[in-house]
$ cat coords-v4.cif   # mmCIF, C-alpha atoms
data_protein
loop_
_atom_site.label_atom_id
_atom_site.label_comp_id
_atom_site.auth_asym_id
_atom_site.auth_seq_id
_atom_site.Cartn_x
_atom_site.Cartn_y
_atom_site.Cartn_z
CA MET A 1 -99.25 64.19 33.67
CA SER A 2 -96.87 64.09 36.59
CA LEU A 3 -96.13 61.66 39.38
CA GLU A 4 -98.84 63.18 41.58
CA THR A 5 -101.59 63.08 39.01
CA ILE A 6 -101.11 59.72 37.30
CA GLN A 7 -103.11 56.66 38.18
CA THR A 8 -101.41 53.38 38.93
CA ASP A 9 -102.71 49.93 39.65
CA PRO A 10 -102.29 48.47 43.17
CA GLU A 11 -98.81 47.22 42.31
CA GLY A 12 -97.60 50.56 40.97
CA TYR A 13 -97.79 49.98 37.23
CA LEU A 14 -99.20 52.75 35.05
CA ALA A 15 -102.98 52.40 34.76
CA ASN A 16 -103.45 54.51 31.63
CA ARG A 17 -100.94 54.02 28.87
CA ASP A 18 -101.70 57.43 27.40
CA ASP A 19 -100.47 59.09 30.58
CA TRP A 20 -96.90 58.09 29.77
CA SER A 21 -94.33 60.61 28.66
CA GLU A 22 -90.57 60.81 28.82
CA GLU A 23 -90.84 63.40 31.58
CA LEU A 24 -93.05 61.06 33.58
CA ALA A 25 -90.51 58.30 33.05
CA GLN A 26 -87.81 60.57 34.50
CA GLU A 27 -89.96 61.26 37.56
CA LEU A 28 -90.81 57.59 38.05
CA ALA A 29 -87.16 56.65 37.72
CA ALA A 30 -86.09 59.36 40.14
CA SER A 31 -88.62 58.12 42.69
CA MET A 32 -86.84 54.74 42.48
CA GLY A 33 -83.42 56.31 42.81
CA VAL A 34 -82.52 55.80 39.16
CA SER A 35 -81.24 58.62 36.93
CA LEU A 36 -81.87 57.83 33.30
CA THR A 37 -78.96 57.85 30.91
CA GLU A 38 -78.78 56.88 27.23
CA GLU A 39 -78.12 53.29 28.30
CA HIS A 40 -81.29 53.28 30.37
CA TRP A 41 -83.32 54.72 27.50
CA LYS A 42 -82.04 52.05 25.12
CA VAL A 43 -83.47 49.41 27.44
CA LEU A 44 -86.70 51.31 28.13
CA ASN A 45 -87.38 52.04 24.46
CA THR A 46 -86.73 48.42 23.55
CA ALA A 47 -89.18 47.27 26.22
CA ARG A 48 -91.81 49.71 24.96
CA ALA A 49 -91.23 48.63 21.36
CA ILE A 50 -91.61 44.92 22.09
CA ASP A 51 -94.72 45.63 24.14
CA ALA A 52 -96.24 47.70 21.34
CA GLU A 53 -95.42 45.12 18.66
CA SER A 54 -96.37 41.95 20.44
CA GLY A 55 -99.01 43.23 22.82
CA SER A 56 -97.25 41.70 25.78
CA SER A 57 -94.76 43.20 28.18
CA PRO A 58 -91.41 41.47 27.59
CA GLY A 59 -89.24 39.65 30.10
CA LEU A 60 -85.65 40.70 30.78
CA ARG A 61 -84.11 38.16 28.46
CA LYS A 62 -86.02 39.46 25.42
CA ILE A 63 -85.17 43.04 26.31
CA SER A 64 -81.52 42.11 26.80
CA LYS A 65 -81.23 40.37 23.44
CA ARG A 66 -82.99 43.00 21.40
CA SER A 67 -81.35 46.02 22.97
CA GLU A 68 -78.01 44.20 22.96
CA THR A 69 -77.58 45.08 26.61
CA PRO A 70 -76.16 42.15 28.59
CA ILE A 71 -78.15 40.95 31.61
CA LYS A 72 -75.31 41.99 33.90
CA ALA A 73 -75.54 45.55 32.56
CA ILE A 74 -79.31 45.66 32.97
CA TYR A 75 -78.97 44.73 36.64
CA LYS A 76 -76.45 47.57 37.04
CA LEU A 77 -78.77 50.08 35.34
CA PHE A 78 -81.86 49.05 37.31
CA PRO A 79 -80.50 47.52 40.51
CA GLU A 80 -83.63 46.77 42.50
CA GLY A 81 -85.96 44.35 40.76
CA PRO A 82 -85.14 45.31 37.16
CA ALA A 83 -88.11 43.49 35.62
CA LYS A 84 -90.54 45.53 37.68
CA ALA A 85 -88.59 48.78 37.51
CA ILE A 86 -88.28 48.74 33.73
CA ALA A 87 -92.00 48.05 33.26
CA LYS A 88 -93.03 50.75 35.72
CA ILE A 89 -90.73 53.41 34.28
CA ALA A 90 -91.56 52.46 30.69
CA GLY A 91 -95.27 52.68 31.44
CA ILE A 92 -95.98 49.11 30.30
CA PRO A 93 -97.67 46.31 32.24
CA LYS A 94 -95.95 43.87 34.57
CA PRO A 95 -94.11 41.31 32.45
CA LYS A 96 -95.84 37.96 32.19
CA SER A 97 -92.66 36.09 31.28
CA CYS A 98 -90.61 34.15 33.79
CA LEU A 99 -87.40 35.01 32.01
CA MET B 1 -76.72 41.97 49.50
CA THR B 2 -77.63 45.18 51.27
CA ASP B 3 -79.76 46.31 54.14
CA SER B 4 -81.91 49.34 53.50
CA GLY B 5 -81.79 50.97 56.91
CA THR B 6 -83.54 48.87 59.51
CA GLU B 7 -85.51 46.82 56.99
CA LYS B 8 -83.90 43.45 56.28
CA LYS B 9 -83.80 42.68 52.59
CA ARG B 10 -85.86 39.71 51.46
CA SER B 11 -83.85 36.74 50.21
CA LEU B 12 -84.36 33.31 48.76
CA SER B 13 -82.29 30.16 49.17
CA VAL B 14 -82.90 27.38 46.66
CA ILE B 15 -81.59 23.88 47.26
CA CYS B 16 -81.30 21.94 44.00
CA SER B 17 -81.11 18.22 44.67
CA LYS B 18 -82.31 16.75 41.36
CA GLY B 19 -80.38 16.32 38.16
CA SER B 20 -82.97 15.40 35.57
CA PHE B 21 -83.65 17.85 32.74
CA ASP B 22 -87.16 18.61 33.93
CA MET B 23 -86.25 18.99 37.58
CA ALA B 24 -83.23 21.20 36.93
CA TYR B 25 -85.38 24.09 35.74
CA PRO B 26 -87.75 24.83 38.66
CA GLY B 27 -84.98 25.87 41.04
CA LEU B 28 -83.27 28.02 38.42
CA ILE B 29 -86.53 29.66 37.34
CA LEU B 30 -87.45 30.52 40.94
CA ALA B 31 -84.04 32.00 41.66
CA ASN B 32 -84.15 34.03 38.46
CA ALA B 33 -87.65 35.27 39.23
CA ALA B 34 -86.41 36.35 42.65
CA ARG B 35 -83.56 38.33 41.12
CA MET B 36 -85.86 39.98 38.59
CA ALA B 37 -88.08 41.06 41.46
CA GLY B 38 -85.18 42.48 43.44
CA VAL B 39 -84.94 39.60 45.92
CA ASP B 40 -81.45 38.28 46.74
CA ALA B 41 -80.99 34.66 45.73
CA ARG B 42 -78.53 31.88 46.41
CA LEU B 43 -78.54 28.29 45.17
CA PHE B 44 -77.09 25.19 46.75
CA PHE B 45 -76.44 22.31 44.36
CA THR B 46 -76.40 19.05 46.20
CA PHE B 47 -76.52 15.36 45.37
CA TRP B 48 -77.91 14.91 41.83
CA GLY B 49 -78.29 18.66 41.62
CA LEU B 50 -74.53 18.80 41.16
CA ASP B 51 -75.10 17.53 37.62
CA ILE B 52 -76.66 20.89 36.81
CA VAL B 53 -73.34 22.63 37.44
CA ASN B 54 -71.01 19.80 36.47
CA LYS B 55 -68.98 20.80 33.39
CA LYS B 56 -69.31 17.33 31.89
CA LYS B 57 -73.03 16.95 32.49
CA ILE B 58 -74.55 20.42 32.21
CA ASP B 59 -75.28 20.06 28.49
CA HIS B 60 -76.47 16.47 28.76
CA LEU B 61 -79.18 16.36 31.38
CA HIS B 62 -82.08 14.18 30.39
CA LEU B 63 -85.72 13.72 31.16
CA ASN B 64 -86.68 11.14 33.75
CA LEU B 65 -89.69 9.13 32.60
CA VAL B 66 -89.25 5.73 34.21
CA GLY B 67 -90.71 5.68 37.70
CA ASN B 68 -92.06 9.18 37.16
CA PRO B 69 -95.74 9.21 38.10
CA SER B 70 -96.35 12.23 35.89
CA ALA B 71 -94.86 10.66 32.77
CA PRO B 72 -97.41 10.24 29.99
CA ILE B 73 -96.12 6.84 28.91
CA PRO B 74 -95.97 3.54 30.85
CA ALA B 75 -92.68 2.70 32.57
CA MET B 76 -92.10 -0.39 30.45
CA ILE B 77 -92.15 1.68 27.27
CA ALA B 78 -90.25 4.57 28.85
CA GLY B 79 -87.44 2.16 29.76
CA LEU B 80 -86.88 1.01 26.20
CA PRO B 81 -83.62 2.14 24.63
CA GLY B 82 -83.81 5.62 23.16
CA VAL B 83 -87.23 6.57 24.52
CA GLU B 84 -86.01 8.95 27.21
CA ALA B 85 -83.50 10.42 24.78
CA LEU B 86 -86.26 11.08 22.26
CA ALA B 87 -88.52 12.62 24.90
CA THR B 88 -85.64 14.81 26.08
CA ALA B 89 -84.96 15.96 22.54
CA GLN B 90 -88.62 16.83 22.10
CA MET B 91 -88.65 18.75 25.36
CA ARG B 92 -85.54 20.69 24.34
CA LYS B 93 -87.20 21.65 21.08
CA GLU B 94 -90.29 22.84 22.89
CA MET B 95 -88.18 24.93 25.25
CA GLU B 96 -86.41 26.51 22.30
CA ARG B 97 -89.75 27.37 20.78
CA LEU B 98 -90.79 29.03 24.06
CA GLU B 99 -87.40 30.76 24.19
CA ILE B 100 -86.46 29.14 27.48
CA PRO B 101 -82.65 29.06 27.61
CA PRO B 102 -80.68 25.82 27.89
CA ILE B 103 -79.29 25.02 31.35
CA ARG B 104 -75.81 26.38 30.66
CA GLU B 105 -77.15 29.74 29.53
CA PHE B 106 -79.56 29.81 32.46
CA ILE B 107 -76.69 29.36 34.90
CA GLU B 108 -74.78 32.19 33.22
CA MET B 109 -77.89 34.36 33.34
CA LEU B 110 -78.32 33.67 37.05
CA ASP B 111 -74.72 34.56 37.75
CA ASP B 112 -75.08 37.79 35.72
CA ALA B 113 -78.23 38.62 37.63
CA GLY B 114 -76.30 38.49 40.89
CA ALA B 115 -77.43 35.15 42.28
CA ASP B 116 -74.78 33.22 44.25
CA LEU B 117 -74.20 29.59 43.31
CA TYR B 118 -72.70 27.04 45.69
CA GLY B 119 -71.75 23.39 45.53
CA CYS B 120 -72.31 20.92 48.34
CA GLN B 121 -69.10 19.63 49.92
CA MET B 122 -70.54 16.29 50.90
CA ALA B 123 -72.00 15.62 47.47
CA LEU B 124 -68.71 16.52 45.81
CA ASP B 125 -66.92 14.10 48.09
CA MET B 126 -69.45 11.37 47.38
CA PHE B 127 -69.12 11.74 43.64
CA LYS B 128 -65.37 12.21 43.93
CA LEU B 129 -65.46 15.64 42.30
CA THR B 130 -63.63 18.87 42.99
CA LYS B 131 -64.58 22.49 42.40
CA ASP B 132 -62.69 22.33 39.09
CA ASP B 133 -65.28 19.87 37.81
CA LEU B 134 -67.93 22.52 38.27
CA VAL B 135 -68.75 25.45 35.99
CA PRO B 136 -67.00 28.74 36.84
CA GLN B 137 -70.26 30.36 37.98
CA VAL B 138 -70.16 28.26 41.16
CA LYS B 139 -68.69 30.63 43.70
CA GLU B 140 -67.66 28.25 46.43
CA VAL B 141 -68.09 24.79 47.85
CA LEU B 142 -69.91 24.80 51.20
CA THR B 143 -71.25 22.49 53.85
CA ALA B 144 -74.97 22.35 54.58
CA MET B 145 -74.34 24.23 57.81
CA ASP B 146 -72.58 27.06 55.97
CA PHE B 147 -75.55 27.31 53.65
CA MET B 148 -77.97 27.35 56.58
CA ASP B 149 -75.98 30.18 58.17
CA MET B 150 -76.15 32.15 54.94
CA SER B 151 -79.86 31.53 54.73
CA GLU B 152 -80.73 33.27 57.97
CA GLY B 153 -83.95 35.16 57.40
CA ALA B 154 -84.23 33.74 53.91
CA GLN B 155 -87.06 31.76 52.42
CA ILE B 156 -85.75 28.28 51.67
CA VAL B 157 -87.03 26.24 48.77
CA PHE B 158 -86.07 22.61 48.29
CA VAL B 159 -86.32 21.19 44.78
#
$ encode --input "coords-v4.cif" --output "structure tokens"
Amino acid sequence: MSLETIQTDPEGYLANRDDWSEELAQELAASMGVSLTEEHWKVLNTARAIDAESGSSPGLRKISKRSETPIKAIYKLFPEGPAKAIAKIAGIPKPKSCL
Amino acid sequence: MTDSGTEKKRSLSVICSKGSFDMAYPGLILANAARMAGVDARLFFTFWGLDIVNKKKIDHLHLNLVGNPSAPIPAMIAGLPGVEALATAQMRKEMERLEIPPIREFIEMLDDAGADLYGCQMALDMFKLTKDDLVPQVKEVLTAMDFMDMSEGAQIVFV
């Protein structure tokens, strides 16, 4: 599945979880002007893990604590709207948390 | 704060004028939500809102029940010694359970997220405070007019 063939919901979040792959994540990130490094993956994998375990897409604070990536660093890694960007690239739903 | 070509970036200005524990959060939550969504945010702490960023008061804000039409207990009871303190303690516990950070941590989080925090000059004068009485995350002390200038094109929320 590539950027052209995947389905997203009206807000741009992945519609079918099974469509996600690391390559897709790279493409999604690139389309947002983000090149994924190990730091990015640490955050993305943490977000995916929390989502898988709890059934709900985590807010930034949870991701920050568990991945041990300070909030400041997360904003540097995903500069424009990190909460949305992380969820979109990680192929998980829009976070319901306000934090 | 950047402009992406000809499109002006969306921004939010939050004016925090209340200092009770319950009314400190809405402004902070809105500003944080803005930052998470990629919207620039700035906060102006004025009047009682200064308590939110006052070094001596930031950890001691309390719930306002007396004269609060939303309070679940009658004013006469709410005014008894210790009642507001108890209610505040209960609310803090609940926030911990929901993993909502205490005010001090929230302010740090906002600063880390790139929000700009300002104190109101007039309020500082009225309460005989200086910038040194405020937490380090407060960038500058401004007048209302300065804040209005900064808020050009921004959506302004008054709490």
$ resolve_selection --input "coords-v4.cif" --expression "the PyMOL selection byres ((chain B) within 6 of (chain A))" --output "ChimeraX atom specification"
/B:36-38,112-113
$ closest_residue --input "coords-v4.cif" --among "B:Val135, B:Pro74, B:Ser13, B:Val39" --to "Glu108 in chain B" --atoms "only C-alpha atoms"
B:Val135
$ resolve_selection --input "coords-v4.cif" --expression "the PyMOL selection byres ((chain A and resi 87) around 12)" --output "PyMOL selection string"
(chain A and resi 11-15+17+20+25+28-29+43-51+56-60+63+78+81-86+88-96) or (chain B and resi 36-37)
$ residues_around --input "coords-v4.cif" --residues "range 148-156 of chain B" --least-positions-apart "5" --cutoff "6 Å" --atoms "all atoms listed in the file" --output "tab-separated table (two decimals) with C-alpha atoms, in the coordinates of the input"
chain	number	residue	atom	x	y	z
B	11	SER	CA	-83.85	36.74	50.21
B	12	LEU	CA	-84.36	33.31	48.76
B	13	SER	CA	-82.29	30.16	49.17
B	14	VAL	CA	-82.90	27.38	46.66
$ atom_distance --input "coords-v4.cif" --atom1 "CA of Leu61 in chain B" --atom2 "CA of Met109 in chain B"
18.2 Å
$ resolve_selection --input "coords-v4.cif" --expression "the PyMOL selection byres ((chain B and resi 119) around 7)" --output "list in words"
Phe44, Phe45, Thr46, Leu50, Tyr118, Cys120, Gln121, Val138, Glu140, Val141 and Leu142 of chain B
$ atom_distance --input "coords-v4.cif" --atom1 "CA of Thr5 in chain A" --atom2 "CA of Glu38 in chain A"
26.4 Å
$ atom_distance --input "coords-v4.cif" --atom1 "CA of Phe21 in chain B" --atom2 "CA of Asp146 in chain B"
27.3 Å
$ residues_around --input "coords-v4.cif" --residues "Met91 in chain B" --least-positions-apart "6" --cutoff "12 Å" --atoms "only C-alpha atoms" --output "compact mmCIF listing (two decimals) with C-alpha atoms, in the frame of the given file"
# COMPACT_ATOMS: atom_id res chain seq x y z
CA PHE B 21 -83.65 17.85 32.74
CA ASP B 22 -87.16 18.61 33.93
CA LEU B 61 -79.18 16.36 31.38
CA HIS B 62 -82.08 14.18 30.39
CA LEU B 63 -85.72 13.72 31.16
CA ASN B 64 -86.68 11.14 33.75
CA GLU B 84 -86.01 8.95 27.21
CA ALA B 85 -83.50 10.42 24.78
CA ARG B 97 -89.75 27.37 20.78
CA LEU B 98 -90.79 29.03 24.06
CA ILE B 100 -86.46 29.14 27.48
CA PRO B 102 -80.68 25.82 27.89
$ residues_near_point --input "coords-v4.cif" --point "(-75.4, 30.4, 37.9)" --cutoff "10 Å" --atoms "all atoms listed in the file" --output "JSON, numbers by chain"
{"B": [28, 31, 32, 42, 43, 52, 53, 103, 104, 105, 106, 107, 108, 109, 110, 111, 112, 113, 114, 115, 116, 117, 118, 135, 136, 137, 138, 139]}
